[in-house]
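**Q** my_file28.cif is the file, holding mmCIF, C-alpha atoms (C1' of nucleotides):
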data_entry
#
loop_
_atom_site.label_atom_id
_atom_site.label_comp_id
_atom_site.auth_asym_id
_atom_site.auth_seq_id
_atom_site.Cartn_x
_atom_site.Cartn_y
_atom_site.Cartn_z
CA MET A 1 175.22 97.14 111.06
CA ALA A 2 172.05 95.40 112.14
CA ALA A 3 168.89 97.49 112.00
CA TYR A 4 167.09 95.34 114.55
CA LEU A 5 167.83 92.99 117.40
CA THR A 6 166.57 89.45 117.67
CA ILE A 7 165.04 88.45 120.97
CA GLY A 8 168.21 86.54 121.79
CA GLU A 9 170.43 89.57 121.29
CA LEU A 10 168.10 91.79 123.26
CA ALA A 11 168.08 89.25 126.07
CA ARG A 12 171.87 89.02 126.11
CA ARG A 13 172.30 92.78 126.21
CA THR A 14 169.99 93.11 129.19
CA SER A 15 171.01 89.92 131.05
CA THR A 16 167.49 88.61 130.66
CA LYS A 17 166.27 85.21 129.57
CA VAL A 18 164.46 85.00 126.27
CA GLU A 19 161.38 83.55 127.96
CA THR A 20 161.33 86.46 130.37
CA VAL A 21 161.34 88.95 127.50
CA ARG A 22 158.34 87.18 126.00
CA PHE A 23 156.72 87.14 129.42
CA TYR A 24 157.18 90.92 129.75
CA GLU A 25 155.55 91.34 126.37
CA LYS A 26 152.62 89.12 127.25
CA THR A 27 152.00 91.03 130.48
CA GLY A 28 152.20 94.41 128.74
CA LEU A 29 155.46 95.69 130.25
CA LEU A 30 157.33 95.65 126.97
CA PRO A 31 155.47 96.66 123.79
CA ALA A 32 155.19 94.01 121.09
CA PRO A 33 157.85 94.74 118.45
CA GLY A 34 157.51 94.36 114.69
CA ARG A 35 158.20 91.04 113.00
CA THR A 36 160.54 89.89 110.25
CA ALA A 37 159.39 87.96 107.21
CA GLY A 38 160.09 84.77 109.12
CA ASN A 39 157.94 85.93 112.04
CA TYR A 40 160.87 86.71 114.32
CA ARG A 41 160.51 89.61 116.75
CA ALA A 42 162.58 92.63 115.61
CA TYR A 43 163.55 95.01 118.40
CA GLY A 44 164.71 98.61 118.08
CA PRO A 45 166.59 100.89 120.51
CA GLU A 46 163.38 101.94 122.29
CA HIS A 47 162.85 98.33 123.34
CA LEU A 48 166.41 98.05 124.53
CA ASN A 49 165.99 101.22 126.62
CA ARG A 50 162.72 100.14 128.07
CA LEU A 51 163.87 96.63 128.94
CA SER A 52 167.02 98.04 130.53
CA PHE A 53 164.86 100.27 132.70
CA ILE A 54 162.71 97.32 133.69
CA ARG A 55 165.70 95.16 134.60
CA ARG A 56 167.39 97.87 136.60
CA SER A 57 164.17 98.50 138.53
CA ARG A 58 163.70 94.78 139.14
CA ASP A 59 167.30 94.51 140.36
CA LEU A 60 166.47 97.22 142.86
CA GLY A 61 163.59 95.10 144.07
CA PHE A 62 160.63 96.98 142.61
CA SER A 63 157.65 94.75 141.85
CA LEU A 64 156.36 94.49 138.31
CA ASP A 65 153.39 96.61 139.34
CA GLN A 66 155.74 99.28 140.67
CA VAL A 67 157.79 99.10 137.48
CA ARG A 68 154.63 99.54 135.45
CA ALA A 69 153.75 102.62 137.50
CA LEU A 70 157.26 104.05 137.15
CA LEU A 71 157.18 103.52 133.40
CA ASP A 72 153.81 105.23 133.10
CA LEU A 73 155.04 108.16 135.17
CA ALA A 74 158.33 108.40 133.30
CA ASP A 75 156.44 109.15 130.10
CA GLU A 76 154.63 112.20 131.47
CA ARG A 77 157.67 114.41 131.43
CA ASP A 78 155.97 117.65 132.47
CA ARG A 79 154.30 116.36 135.62
CA PRO A 80 155.94 116.84 139.01
CA CYS A 81 157.93 113.82 140.07
CA GLU A 82 156.42 113.46 143.52
CA ALA A 83 154.63 110.24 142.60
CA ILE A 84 157.93 108.72 141.56
CA ASP A 85 159.53 109.79 144.80
CA ALA A 86 156.62 108.24 146.70
CA ILE A 87 157.00 104.85 145.00
CA ALA A 88 160.72 104.80 145.71
CA LYS A 89 160.25 105.80 149.35
CA GLU A 90 157.52 103.21 149.90
CA HIS A 91 159.85 100.61 148.48
CA LEU A 92 162.67 101.77 150.71
CA ALA A 93 160.43 101.41 153.75
CA GLU A 94 159.53 97.90 152.64
CA VAL A 95 163.20 96.99 152.27
CA ASP A 96 163.84 98.33 155.78
CA ARG A 97 161.03 96.18 157.16
CA LYS A 98 162.44 93.11 155.45
CA ILE A 99 165.93 93.77 156.79
CA ALA A 100 164.57 94.13 160.33
CA ASP A 101 162.59 90.90 159.99
CA LEU A 102 165.57 88.98 158.71
CA ARG A 103 167.81 90.31 161.47
CA ALA A 104 165.37 89.17 164.13
CA LEU A 105 165.20 85.80 162.46
CA ARG A 106 168.94 85.60 162.23
CA ARG A 107 169.29 86.15 165.97
CA GLU A 108 166.85 83.32 166.69
CA LEU A 109 168.54 80.92 164.31
CA ASP A 110 171.90 81.80 165.73
CA ARG A 111 170.79 81.16 169.27
CA MET A 112 169.24 77.88 168.27
CA ILE A 113 172.33 76.64 166.47
CA ALA A 114 174.64 77.72 169.28
CA GLN A 115 172.81 75.39 171.64
CA CYS A 116 173.31 72.29 169.53
CA GLY A 117 175.56 69.90 171.44
CA CYS A 118 175.82 67.72 168.35
CA GLY A 119 174.83 64.50 170.09
CA THR A 120 171.95 62.36 168.92
CA VAL A 121 168.71 63.56 167.46
CA ALA A 122 166.95 62.68 170.71
CA GLU A 123 168.86 65.33 172.59
CA CYS A 124 169.10 67.85 169.75
CA ARG A 125 168.38 71.37 170.94
CA ILE A 126 167.41 72.49 167.48
CA ILE A 127 164.58 69.98 167.24
CA GLU A 128 163.63 70.92 170.77
CA ALA A 129 163.56 74.59 169.89
CA LEU A 130 161.29 73.86 166.97
CA SER A 131 158.95 71.63 168.95
CA PRO A 132 155.90 72.92 170.83
CA PRO A 133 156.62 74.13 174.40
CA GLN A 134 155.08 71.10 176.11
CA ALA A 135 153.43 67.97 174.78
CA ALA A 136 150.17 69.38 173.47
CA ALA A 137 146.96 68.11 174.99
CA VAL A 138 143.84 68.01 172.89
CA GLY A 139 140.97 68.15 175.38
CA MET B 140 136.62 66.85 177.13
CA ALA B 141 136.88 66.52 173.38
CA ALA B 142 138.72 63.46 172.14
CA TYR B 143 139.59 65.02 168.79
CA LEU B 144 140.04 68.40 167.18
CA THR B 145 138.21 69.60 164.12
CA ILE B 146 140.29 71.18 161.41
CA GLY B 147 139.06 74.60 162.53
CA GLU B 148 140.20 74.08 166.12
CA LEU B 149 143.54 72.73 165.01
CA ALA B 150 143.99 75.73 162.74
CA ARG B 151 143.11 78.18 165.52
CA ARG B 152 145.53 76.58 167.96
CA THR B 153 148.40 76.83 165.51
CA SER B 154 147.53 80.20 163.94
CA THR B 155 147.09 78.48 160.62
CA LYS B 156 144.33 78.82 158.05
CA VAL B 157 142.10 75.83 157.48
CA GLU B 158 143.03 75.74 153.80
CA THR B 159 146.69 75.69 154.71
CA VAL B 160 146.17 72.66 156.96
CA ARG B 161 144.52 70.83 154.08
CA PHE B 162 147.34 71.97 151.82
CA TYR B 163 149.92 70.51 154.22
CA GLU B 164 148.02 67.25 154.18
CA LYS B 165 147.83 67.17 150.40
CA THR B 166 151.55 67.75 150.09
CA GLY B 167 152.41 65.10 152.66
CA LEU B 168 153.71 67.32 155.46
CA LEU B 169 150.89 66.49 157.83
CA PRO B 170 149.55 62.90 157.91
CA ALA B 171 145.90 62.44 156.96
CA PRO B 172 143.90 62.07 160.20
CA GLY B 173 140.93 59.78 160.83
CA ARG B 174 137.43 60.87 159.93
CA THR B 175 134.21 61.20 161.89
CA ALA B 176 130.92 59.62 160.79
CA GLY B 177 130.15 62.86 158.96
CA ASN B 178 133.50 62.73 157.11
CA TYR B 179 135.10 65.51 159.15
CA ARG B 180 138.83 65.28 159.81
CA ALA B 181 139.51 64.30 163.45
CA TYR B 182 142.92 65.37 164.75
CA GLY B 183 144.77 64.04 167.79
CA PRO B 184 147.67 65.51 169.82
CA GLU B 185 150.28 64.10 167.45
CA HIS B 186 148.85 66.25 164.67
CA LEU B 187 148.85 69.29 166.90
CA ASN B 188 152.50 68.68 167.76
CA ARG B 189 153.52 68.12 164.21
CA LEU B 190 151.69 71.14 162.88
CA SER B 191 153.17 73.31 165.63
CA PHE B 192 156.62 72.14 164.60
CA ILE B 193 155.88 72.96 160.98
CA ARG B 194 154.58 76.44 161.81
CA ARG B 195 157.50 77.30 164.04
CA SER B 196 159.95 76.17 161.37
CA ARG B 197 158.12 78.18 158.73
CA ASP B 198 158.17 81.24 160.98
CA LEU B 199 161.91 80.85 161.14
CA GLY B 200 162.02 80.90 157.38
CA PHE B 201 162.71 77.24 156.58
CA SER B 202 161.30 76.13 153.24
CA LEU B 203 158.72 73.34 153.14
CA ASP B 204 161.41 71.04 151.76
CA GLN B 205 163.65 71.89 154.68
CA VAL B 206 160.78 71.33 157.10
CA ARG B 207 160.16 67.96 155.49
CA ALA B 208 163.81 67.05 155.98
CA LEU B 209 163.78 68.25 159.59
CA LEU B 210 160.68 66.21 160.34
CA ASP B 211 162.18 63.09 158.80
CA LEU B 212 165.36 63.55 160.81
CA ALA B 213 163.51 64.33 164.02
CA ASP B 214 161.96 60.88 163.96
CA GLU B 215 165.26 59.01 163.88
CA ARG B 216 166.07 59.73 167.48
CA ASP B 217 169.25 57.62 167.73
CA ARG B 218 171.07 59.13 164.79
CA PRO B 219 173.59 61.92 165.32
CA CYS B 220 172.06 65.33 164.81
CA GLU B 221 174.69 66.65 162.41
CA ALA B 222 172.29 66.66 159.50
CA ILE B 223 169.90 68.86 161.47
CA ASP B 224 172.69 71.21 162.35
CA ALA B 225 173.66 71.35 158.68
CA ILE B 226 170.16 72.34 157.55
CA ALA B 227 169.96 75.06 160.17
CA LYS B 228 173.40 76.41 159.29
CA GLU B 229 172.65 76.39 155.58
CA HIS B 230 169.52 78.34 156.30
CA LEU B 231 171.41 80.80 158.47
CA ALA B 232 173.90 81.37 155.66
CA GLU B 233 171.01 82.00 153.29
CA VAL B 234 169.49 84.53 155.68
CA ASP B 235 172.87 86.26 155.91
CA ARG B 236 173.09 86.46 152.14
CA LYS B 237 169.61 87.96 151.95
CA ILE B 238 170.42 90.56 154.60
CA ALA B 239 173.59 91.56 152.77
CA ASP B 240 171.69 91.84 149.48
CA LEU B 241 168.97 93.97 151.02
CA ARG B 242 171.49 96.26 152.68
CA ALA B 243 173.27 96.86 149.39
CA LEU B 244 169.93 97.55 147.80
CA ARG B 245 168.96 99.89 150.57
CA ARG B 246 172.08 101.95 150.03
CA GLU B 247 171.35 102.31 146.33
CA LEU B 248 167.73 103.25 146.89
CA ASP B 249 168.75 105.75 149.52
CA ARG B 250 171.27 107.38 147.27
CA MET B 251 168.75 107.54 144.44
CA ILE B 252 166.05 109.13 146.58
CA ALA B 253 168.46 111.64 148.10
CA GLN B 254 169.20 113.03 144.64
CA CYS B 255 165.56 113.73 143.79
CA GLY B 256 165.14 117.50 143.46
CA CYS B 257 161.39 117.03 143.26
CA GLY B 258 160.94 119.03 140.07
CA THR B 259 159.25 117.63 136.99
CA VAL B 260 159.48 114.10 135.72
CA ALA B 261 161.76 115.29 132.92
CA GLU B 262 164.49 116.22 135.39
CA CYS B 263 163.81 113.44 137.89
CA ARG B 264 167.02 111.83 139.11
CA ILE B 265 165.24 108.65 140.09
CA ILE B 266 164.04 107.99 136.55
CA GLU B 267 167.50 108.92 135.36
CA ALA B 268 169.09 106.49 137.78
CA LEU B 269 166.83 103.74 136.51
CA SER B 270 167.43 104.51 132.85
CA PRO B 271 170.26 102.96 130.83
CA PRO B 272 173.61 104.82 131.07
CA GLN B 273 173.37 106.40 127.58
CA ALA B 274 170.77 106.18 124.85
CA ALA B 275 171.29 102.62 123.72
CA ALA B 276 172.32 102.04 120.12
CA VAL B 277 171.22 98.90 118.38
CA GLY B 278 173.75 98.35 115.58
"C1'" DC C 279 110.25 69.55 163.10
"C1'" DA C 280 112.17 73.21 160.25
"C1'" DT C 281 115.59 76.26 159.30
"C1'" DA C 282 119.44 79.49 159.90
"C1'" DG C 283 124.17 79.87 160.38
"C1'" DA C 284 128.58 78.12 161.38
"C1'" DC C 285 131.28 74.90 160.20
"C1'" DC C 286 133.05 71.03 157.15
"C1'" DC C 287 133.95 68.51 152.41
"C1'" DT C 288 136.18 68.18 147.42
"C1'" DG C 289 138.13 70.16 143.53
"C1'" DT C 290 139.92 73.72 140.95
"C1'" DA C 291 141.87 78.22 139.83
"C1'" DG C 292 144.52 82.16 141.19
"C1'" DC C 293 148.70 85.12 143.07
"C1'" DA C 294 154.12 86.72 141.84
"C1'" DA C 295 157.52 86.42 138.56
"C1'" DC C 296 159.25 83.82 136.14
"C1'" DT C 297 161.12 79.00 134.15
"C1'" DA C 298 160.75 74.90 131.51
"C1'" DT C 299 158.84 71.86 128.26
"C1'" DA C 300 156.70 70.13 123.90
"C1'" DG C 301 156.35 70.42 119.26
"C1'" DG C 302 157.21 72.78 115.77
"C1'" DG C 303 159.48 76.67 112.06
"C1'" DT C 304 163.68 79.57 110.19
"C1'" DC C 305 168.18 80.54 108.88
"C1'" DA C 306 173.27 80.50 108.05
"C1'" DA C 307 177.27 77.55 107.44
"C1'" DG C 308 179.61 73.68 105.49
"C1'" DC D 309 171.15 69.19 102.01
"C1'" DT D 310 171.72 68.65 106.42
"C1'" DT D 311 173.20 70.12 110.98
"C1'" DG D 312 172.69 73.14 114.68
"C1'" DA D 313 171.60 77.40 116.62
"C1'" DC D 314 168.16 80.09 116.98
"C1'" DC D 315 163.15 81.44 116.78
"C1'" DC D 316 157.80 80.58 117.29
"C1'" DT D 317 153.35 79.34 120.19
"C1'" DA D 318 151.07 77.35 123.95
"C1'" DT D 319 150.95 75.22 128.18
"C1'" DA D 320 152.40 73.54 132.63
"C1'" DG D 321 155.49 73.85 136.48
"C1'" DT D 322 157.72 76.36 140.54
"C1'" DT D 323 156.68 78.03 146.06
"C1'" DG D 324 153.43 78.47 149.58
"C1'" DC D 325 149.66 79.28 150.08
"C1'" DT D 326 144.66 81.62 149.28
"C1'" DA D 327 140.11 81.89 147.34
"C1'" DC D 328 136.37 80.38 145.27
"C1'" DA D 329 132.26 77.16 143.75
"C1'" DG D 330 129.09 74.01 144.92
"C1'" DG D 331 127.90 71.15 147.95
"C1'" DG D 332 127.19 68.35 152.99
"C1'" DT D 333 126.88 68.39 158.38
"C1'" DC D 334 125.90 69.94 162.82
"C1'" DT D 335 123.96 72.74 166.48
"C1'" DA D 336 120.78 75.97 168.28
"C1'" DT D 337 116.58 78.20 168.24
"C1'" DG D 338 111.56 79.03 167.08
#
Could you take the file, read its structure, and then write that structure out as structure tokens?

**A**
Amino acid sequence: MAAYLTIGELARRTSTKVETVRFYEKTGLLPAPGRTAGNYRAYGPEHLNRLSFIRRSRDLGFSLDQVRALLDLADERDRPCEAIDAIAKEHLAEVDRKIADLRALRRELDRMIAQCGCGTVAECRIIEALSPPQAAAVG
Amino acid sequence: MAAYLTIGELARRTSTKVETVRFYEKTGLLPAPGRTAGNYRAYGPEHLNRLSFIRRSRDLGFSLDQVRALLDLADERDRPCEAIDAIAKEHLAEVDRKIADLRALRRELDRMIAQCGCGTVAECRIIEALSPPQAAAVG
DNA sequence: CATAGACCCTGTAGCAACTATAGGGTCAAG
DNA sequence: CTTGACCCTATAGTTGCTACAGGGTCTATG
């Protein structure tokens, strides 16, 4: 049984790219592991746990800054978890805003496409919809 | 009446930042205009039209590459507008995918937040939900 | 005529969050 | 002993801007 993971194994087990793991290390999200005689990174279970946490948070759309904050908070086990709740709720609100924006956009796109008579470009309603209301005057 | 617009006026009329206008020029989206004696950019109505088109497309979420393609197509007025339709539909499909992704995410976040008993960090369900299923073993 | 302030110029660096490349070193198998 | 898979560092690229730094120009006012 292997005592340590190579970066490649760690990456595979967390569905991460090797370069991304190194990037997380460089930006301080993942602590630098020990090295083998050949200068390879040697990861232990704590790295695997931490990287898993990071990936799961990223999958849920948290920014790296938010992940950093969550990780910091997660270590202070005796503090109340209100701050954690706040980060999650702020993120939820952001997701709701994005959904609303995309739905509005979707309606506009849909309307635009529905009008396309599929003739020539000259009479294309999509181009028309994207063009300024009337020929713009400069003066 | 002014014969030409300065970059600042053009930017104001299209709700664009001056730097963004220059960026569009540098990346070939907006043709380089003539210059005044003092080396200021002097824009005509064709620039105003084109920039308006770009901004409207961007507002609708098209990528700069898509905008480039739309602009190229818009100039070939005798060609059938199928290609335009295709770009718009591809974009719509992309928007639909994003909405679906965000809704799935929203459900997960919601579920996670609902479980938070708001005690200490040690018993926080949010941290738990973000952590790997069981303490990860390396071997 | 001088000067303040608003505007313009070029060029470069920065943001998020990676991803890709160049140019090497290490290690296990055959 | 060589092939090939993996690892290393460092740097540049991606998208779509945004923000300087360090100047020049133009207009209005004293």

**Q** I'd like the neighbourhood of DA295 in chain C as a PyMOL selection string, where a residue qualifies if any of its atoms comes within 12 Å (using only C-alpha atoms (C1' of nucleotides)), though same-chain residues fewer than 5 positions away should be ignored.

**A** (chain A and resi 19-21+23-24+27+58+61-65) or (chain D and resi 322-323)

**Q** Mind telling me what the PyMOL selection byres ((chain D and resi 335) around 10) catches here, as a ChimeraX atom specification?

**A** /C:283-285 /D:333-334,336-337

**Q** For C-alpha atoms (C1' of nucleotides), I'd like the residues from the last selection saved as a JSON list (two decimals), in the frame of the given file.

**A**
[["chain", "number", "residue", "atom", "x", "y", "z"],
["C", 283, "DG", "C1'", 124.17, 79.87, 160.38],
["C", 284, "DA", "C1'", 128.58, 78.12, 161.38],
["C", 285, "DC", "C1'", 131.28, 74.90, 160.20],
["D", 333, "DT", "C1'", 126.88, 68.39, 158.38],
["D", 334, "DC", "C1'", 125.90, 69.94, 162.82],
["D", 336, "DA", "C1'", 120.78, 75.97, 168.28],
["D", 337, "DT", "C1'", 116.58, 78.20, 168.24]]

**Q** With distances taken over all atoms listed in the file, which of B:Ala181, B:Ala150, B:Ala225, B:Ala142 is nearest to chain A?

**A**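 Nearest to chain A: B:Ala142.
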
**Q** Let's have chain B fitted on chain A; use all the C-alpha atoms paired in order for the least-squares step and return it as an mmCIF file with C-alpha atoms, in the frame of the given file.

**A**
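Ended up saving to out-v3.cif:
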data_model
loop_
_atom_site.group_PDB
_atom_site.id
_atom_site.type_symbol
_atom_site.label_atom_id
_atom_site.label_comp_id
_atom_site.auth_asym_id
_atom_site.auth_seq_id
_atom_site.Cartn_x
_atom_site.Cartn_y
_atom_site.Cartn_z
ATOM 1 C CA MET B 140 174.969 97.765 110.801
ATOM 2 C CA ALA B 141 171.871 95.905 111.892
ATOM 3 C CA ALA B 142 168.667 97.909 111.838
ATOM 4 C CA TYR B 143 166.932 95.693 114.385
ATOM 5 C CA LEU B 144 167.730 93.293 117.182
ATOM 6 C CA THR B 145 166.516 89.739 117.396
ATOM 7 C CA ILE B 146 165.042 88.645 120.682
ATOM 8 C CA GLY B 147 168.261 86.767 121.443
ATOM 9 C CA GLU B 148 170.435 89.849 120.955
ATOM 10 C CA LEU B 149 168.102 91.989 123.002
ATOM 11 C CA ALA B 150 168.164 89.399 125.766
ATOM 12 C CA ARG B 151 171.968 89.211 125.738
ATOM 13 C CA ARG B 152 172.348 92.978 125.913
ATOM 14 C CA THR B 153 170.089 93.216 128.937
ATOM 15 C CA SER B 154 171.168 90.018 130.720
ATOM 16 C CA THR B 155 167.667 88.686 130.340
ATOM 17 C CA LYS B 156 166.470 85.279 129.204
ATOM 18 C CA VAL B 157 164.610 85.087 125.926
ATOM 19 C CA GLU B 158 161.584 83.565 127.643
ATOM 20 C CA THR B 159 161.530 86.417 130.110
ATOM 21 C CA VAL B 160 161.448 88.967 127.281
ATOM 22 C CA ARG B 161 158.447 87.191 125.795
ATOM 23 C CA PHE B 162 156.896 87.050 129.249
ATOM 24 C CA TYR B 163 157.302 90.823 129.639
ATOM 25 C CA GLU B 164 155.611 91.287 126.298
ATOM 26 C CA LYS B 165 152.735 88.999 127.205
ATOM 27 C CA THR B 166 152.136 90.851 130.443
ATOM 28 C CA GLY B 167 152.265 94.258 128.785
ATOM 29 C CA LEU B 168 155.516 95.566 130.260
ATOM 30 C CA LEU B 169 157.344 95.612 126.956
ATOM 31 C CA PRO B 170 155.429 96.667 123.808
ATOM 32 C CA ALA B 171 155.133 94.060 121.060
ATOM 33 C CA PRO B 172 157.747 94.891 118.393
ATOM 34 C CA GLY B 173 157.376 94.577 114.621
ATOM 35 C CA ARG B 174 158.055 91.296 112.884
ATOM 36 C CA THR B 175 160.373 90.253 110.080
ATOM 37 C CA ALA B 176 159.196 88.361 106.987
ATOM 38 C CA GLY B 177 159.978 85.140 108.845
ATOM 39 C CA ASN B 178 157.843 86.225 111.833
ATOM 40 C CA TYR B 179 160.809 86.990 114.085
ATOM 41 C CA ARG B 180 160.439 89.832 116.571
ATOM 42 C CA ALA B 181 162.453 92.891 115.451
ATOM 43 C CA TYR B 182 163.441 95.238 118.276
ATOM 44 C CA GLY B 183 164.555 98.860 118.006
ATOM 45 C CA PRO B 184 166.444 101.108 120.470
ATOM 46 C CA GLU B 185 163.261 102.085 122.297
ATOM 47 C CA HIS B 186 162.773 98.456 123.291
ATOM 48 C CA LEU B 187 166.357 98.194 124.433
ATOM 49 C CA ASN B 188 165.917 101.299 126.578
ATOM 50 C CA ARG B 189 162.680 100.151 128.048
ATOM 51 C CA LEU B 190 163.911 96.671 128.832
ATOM 52 C CA SER B 191 167.058 98.089 130.428
ATOM 53 C CA PHE B 192 164.876 100.252 132.640
ATOM 54 C CA ILE B 193 162.789 97.250 133.616
ATOM 55 C CA ARG B 194 165.839 95.128 134.443
ATOM 56 C CA ARG B 195 167.495 97.820 136.505
ATOM 57 C CA SER B 196 164.291 98.376 138.463
ATOM 58 C CA ARG B 197 163.900 94.651 139.032
ATOM 59 C CA ASP B 198 167.501 94.422 140.218
ATOM 60 C CA LEU B 199 166.651 97.061 142.764
ATOM 61 C CA GLY B 200 163.812 94.905 143.968
ATOM 62 C CA PHE B 201 160.792 96.755 142.565
ATOM 63 C CA SER B 202 157.845 94.490 141.818
ATOM 64 C CA LEU B 203 156.533 94.251 138.258
ATOM 65 C CA ASP B 204 153.531 96.315 139.333
ATOM 66 C CA GLN B 205 155.836 98.988 140.676
ATOM 67 C CA VAL B 206 157.880 98.892 137.479
ATOM 68 C CA ARG B 207 154.681 99.298 135.494
ATOM 69 C CA ALA B 208 153.774 102.341 137.569
ATOM 70 C CA LEU B 209 157.263 103.815 137.206
ATOM 71 C CA LEU B 210 157.164 103.361 133.448
ATOM 72 C CA ASP B 211 153.761 105.007 133.190
ATOM 73 C CA LEU B 212 154.951 107.939 135.276
ATOM 74 C CA ALA B 213 158.229 108.254 133.408
ATOM 75 C CA ASP B 214 156.336 109.024 130.225
ATOM 76 C CA GLU B 215 154.468 112.009 131.636
ATOM 77 C CA ARG B 216 157.486 114.251 131.626
ATOM 78 C CA ASP B 217 155.741 117.477 132.710
ATOM 79 C CA ARG B 218 154.100 116.122 135.826
ATOM 80 C CA PRO B 219 155.749 116.575 139.216
ATOM 81 C CA CYS B 220 157.785 113.561 140.217
ATOM 82 C CA GLU B 221 156.277 113.127 143.675
ATOM 83 C CA ALA B 222 154.546 109.916 142.715
ATOM 84 C CA ILE B 223 157.875 108.437 141.636
ATOM 85 C CA ASP B 224 159.462 109.490 144.869
ATOM 86 C CA ALA B 225 156.580 107.880 146.748
ATOM 87 C CA ILE B 226 157.023 104.516 145.019
ATOM 88 C CA ALA B 227 160.741 104.521 145.709
ATOM 89 C CA LYS B 228 160.245 105.468 149.354
ATOM 90 C CA GLU B 229 157.568 102.839 149.853
ATOM 91 C CA HIS B 230 159.938 100.294 148.431
ATOM 92 C CA LEU B 231 162.747 101.481 150.676
ATOM 93 C CA ALA B 232 160.488 101.105 153.705
ATOM 94 C CA GLU B 233 159.648 97.583 152.584
ATOM 95 C CA VAL B 234 163.331 96.725 152.233
ATOM 96 C CA ASP B 235 163.925 98.088 155.735
ATOM 97 C CA ARG B 236 161.150 95.918 157.113
ATOM 98 C CA LYS B 237 162.619 92.853 155.426
ATOM 99 C CA ILE B 238 166.089 93.571 156.799
ATOM 100 C CA ALA B 239 164.708 93.974 160.310
ATOM 101 C CA ASP B 240 162.760 90.715 159.997
ATOM 102 C CA LEU B 241 165.783 88.813 158.752
ATOM 103 C CA ARG B 242 167.977 90.184 161.520
ATOM 104 C CA ALA B 243 165.511 89.068 164.171
ATOM 105 C CA LEU B 244 165.387 85.689 162.519
ATOM 106 C CA ARG B 245 169.133 85.496 162.361
ATOM 107 C CA ARG B 246 169.399 86.075 166.084
ATOM 108 C CA GLU B 247 166.963 83.269 166.819
ATOM 109 C CA LEU B 248 168.678 80.843 164.479
ATOM 110 C CA ASP B 249 172.029 81.732 165.957
ATOM 111 C CA ARG B 250 170.849 81.157 169.471
ATOM 112 C CA MET B 251 169.296 77.840 168.486
ATOM 113 C CA ILE B 252 172.433 76.580 166.764
ATOM 114 C CA ALA B 253 174.679 77.687 169.619
ATOM 115 C CA GLN B 254 172.780 75.412 172.000
ATOM 116 C CA CYS B 255 173.281 72.273 169.913
ATOM 117 C CA GLY B 256 175.462 69.876 171.911
ATOM 118 C CA CYS B 257 175.748 67.650 168.864
ATOM 119 C CA GLY B 258 174.665 64.473 170.628
ATOM 120 C CA THR B 259 171.788 62.333 169.423
ATOM 121 C CA VAL B 260 168.582 63.553 167.886
ATOM 122 C CA ALA B 261 166.758 62.732 171.120
ATOM 123 C CA GLU B 262 168.677 65.409 173.010
ATOM 124 C CA CYS B 263 168.972 67.876 170.134
ATOM 125 C CA ARG B 264 168.268 71.431 171.254
ATOM 126 C CA ILE B 265 167.375 72.525 167.754
ATOM 127 C CA ILE B 266 164.516 70.043 167.488
ATOM 128 C CA GLU B 267 163.520 71.037 170.991
ATOM 129 C CA ALA B 268 163.530 74.700 170.057
ATOM 130 C CA LEU B 269 161.295 73.957 167.102
ATOM 131 C CA SER B 270 158.885 71.797 169.070
ATOM 132 C CA PRO B 271 155.838 73.188 170.879
ATOM 133 C CA PRO B 272 156.526 74.471 174.431
ATOM 134 C CA GLN B 273 154.913 71.466 176.194
ATOM 135 C CA ALA B 274 153.214 68.354 174.895
ATOM 136 C CA ALA B 275 150.039 69.852 173.519
ATOM 137 C CA ALA B 276 146.750 68.692 175.000
ATOM 138 C CA VAL B 277 143.689 68.602 172.826
ATOM 139 C CA GLY B 278 140.733 68.834 175.224
#

**Q** Could you check which residues have any atom within 10 Å of (155.6, 73.6, 136.3), counting only C-alpha atoms (C1' of nucleotides) with coordinates taken straight from the file, and then list them as a PyMOL selection string?

**A** (chain C and resi 297-299) or (chain D and resi 319-322)

**Q** Write a file of the selected residues as an mmCIF file, in the coordinates of the input, keeping C-alpha atoms (C1' of nucleotides).

**A**
data_model
loop_
_atom_site.group_PDB
_atom_site.id
_atom_site.type_symbol
_atom_site.label_atom_id
_atom_site.label_comp_id
_atom_site.auth_asym_id
_atom_site.auth_seq_id
_atom_site.Cartn_x
_atom_site.Cartn_y
_atom_site.Cartn_z
ATOM 1 C "C1'" DT C 297 161.120 79.000 134.150
ATOM 2 C "C1'" DA C 298 160.750 74.900 131.510
ATOM 3 C "C1'" DT C 299 158.840 71.860 128.260
ATOM 4 C "C1'" DT D 319 150.950 75.220 128.180
ATOM 5 C "C1'" DA D 320 152.400 73.540 132.630
ATOM 6 C "C1'" DG D 321 155.490 73.850 136.480
ATOM 7 C "C1'" DT D 322 157.720 76.360 140.540
#

**Q** In Å, with one decimal, what is the gap from CA of Leu92 in chain A to CA of Ala104 in chain A?

**A**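 Spanning CA of Leu92 in chain A to CA of Ala104 in chain A is a straight-line distance of 18.6 Å.
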
**Q** Kindly give the distance, in Å, that separates CA of Thr153 in chain B and CA of Lys228 in chain B, rounded to a single decimal.

**A** 25.8 Å

**Q** I need the output of the PyMOL selection byres ((chain B) within 10 of (chain C)) for this file as a VMD selection string; which residues are they?

**A** chain B and resid 145 to 147 177 to 180

**Q** May I have the residues from that selection written out with C-alpha atoms, as a CSV table (one decimal), keeping the file's coordinate frame?

**A**
chain,number,residue,atom,x,y,z
B,145,THR,CA,138.2,69.6,164.1
B,146,ILE,CA,140.3,71.2,161.4
B,147,GLY,CA,139.1,74.6,162.5
B,177,GLY,CA,130.2,62.9,159.0
B,178,ASN,CA,133.5,62.7,157.1
B,179,TYR,CA,135.1,65.5,159.2
B,180,ARG,CA,138.8,65.3,159.8

**Q** Under the PyMOL selection byres ((chain B) within 7 of (chain A)), which residues of this model are included? Write them out as a PyMOL selection string.

**A** chain B and resi 140-144+183-184+187-188+191-192+195-196+199+213+215-221+224+227+231+234+238+241+244-245+248+252+257-261+263+266+269-271+275-278
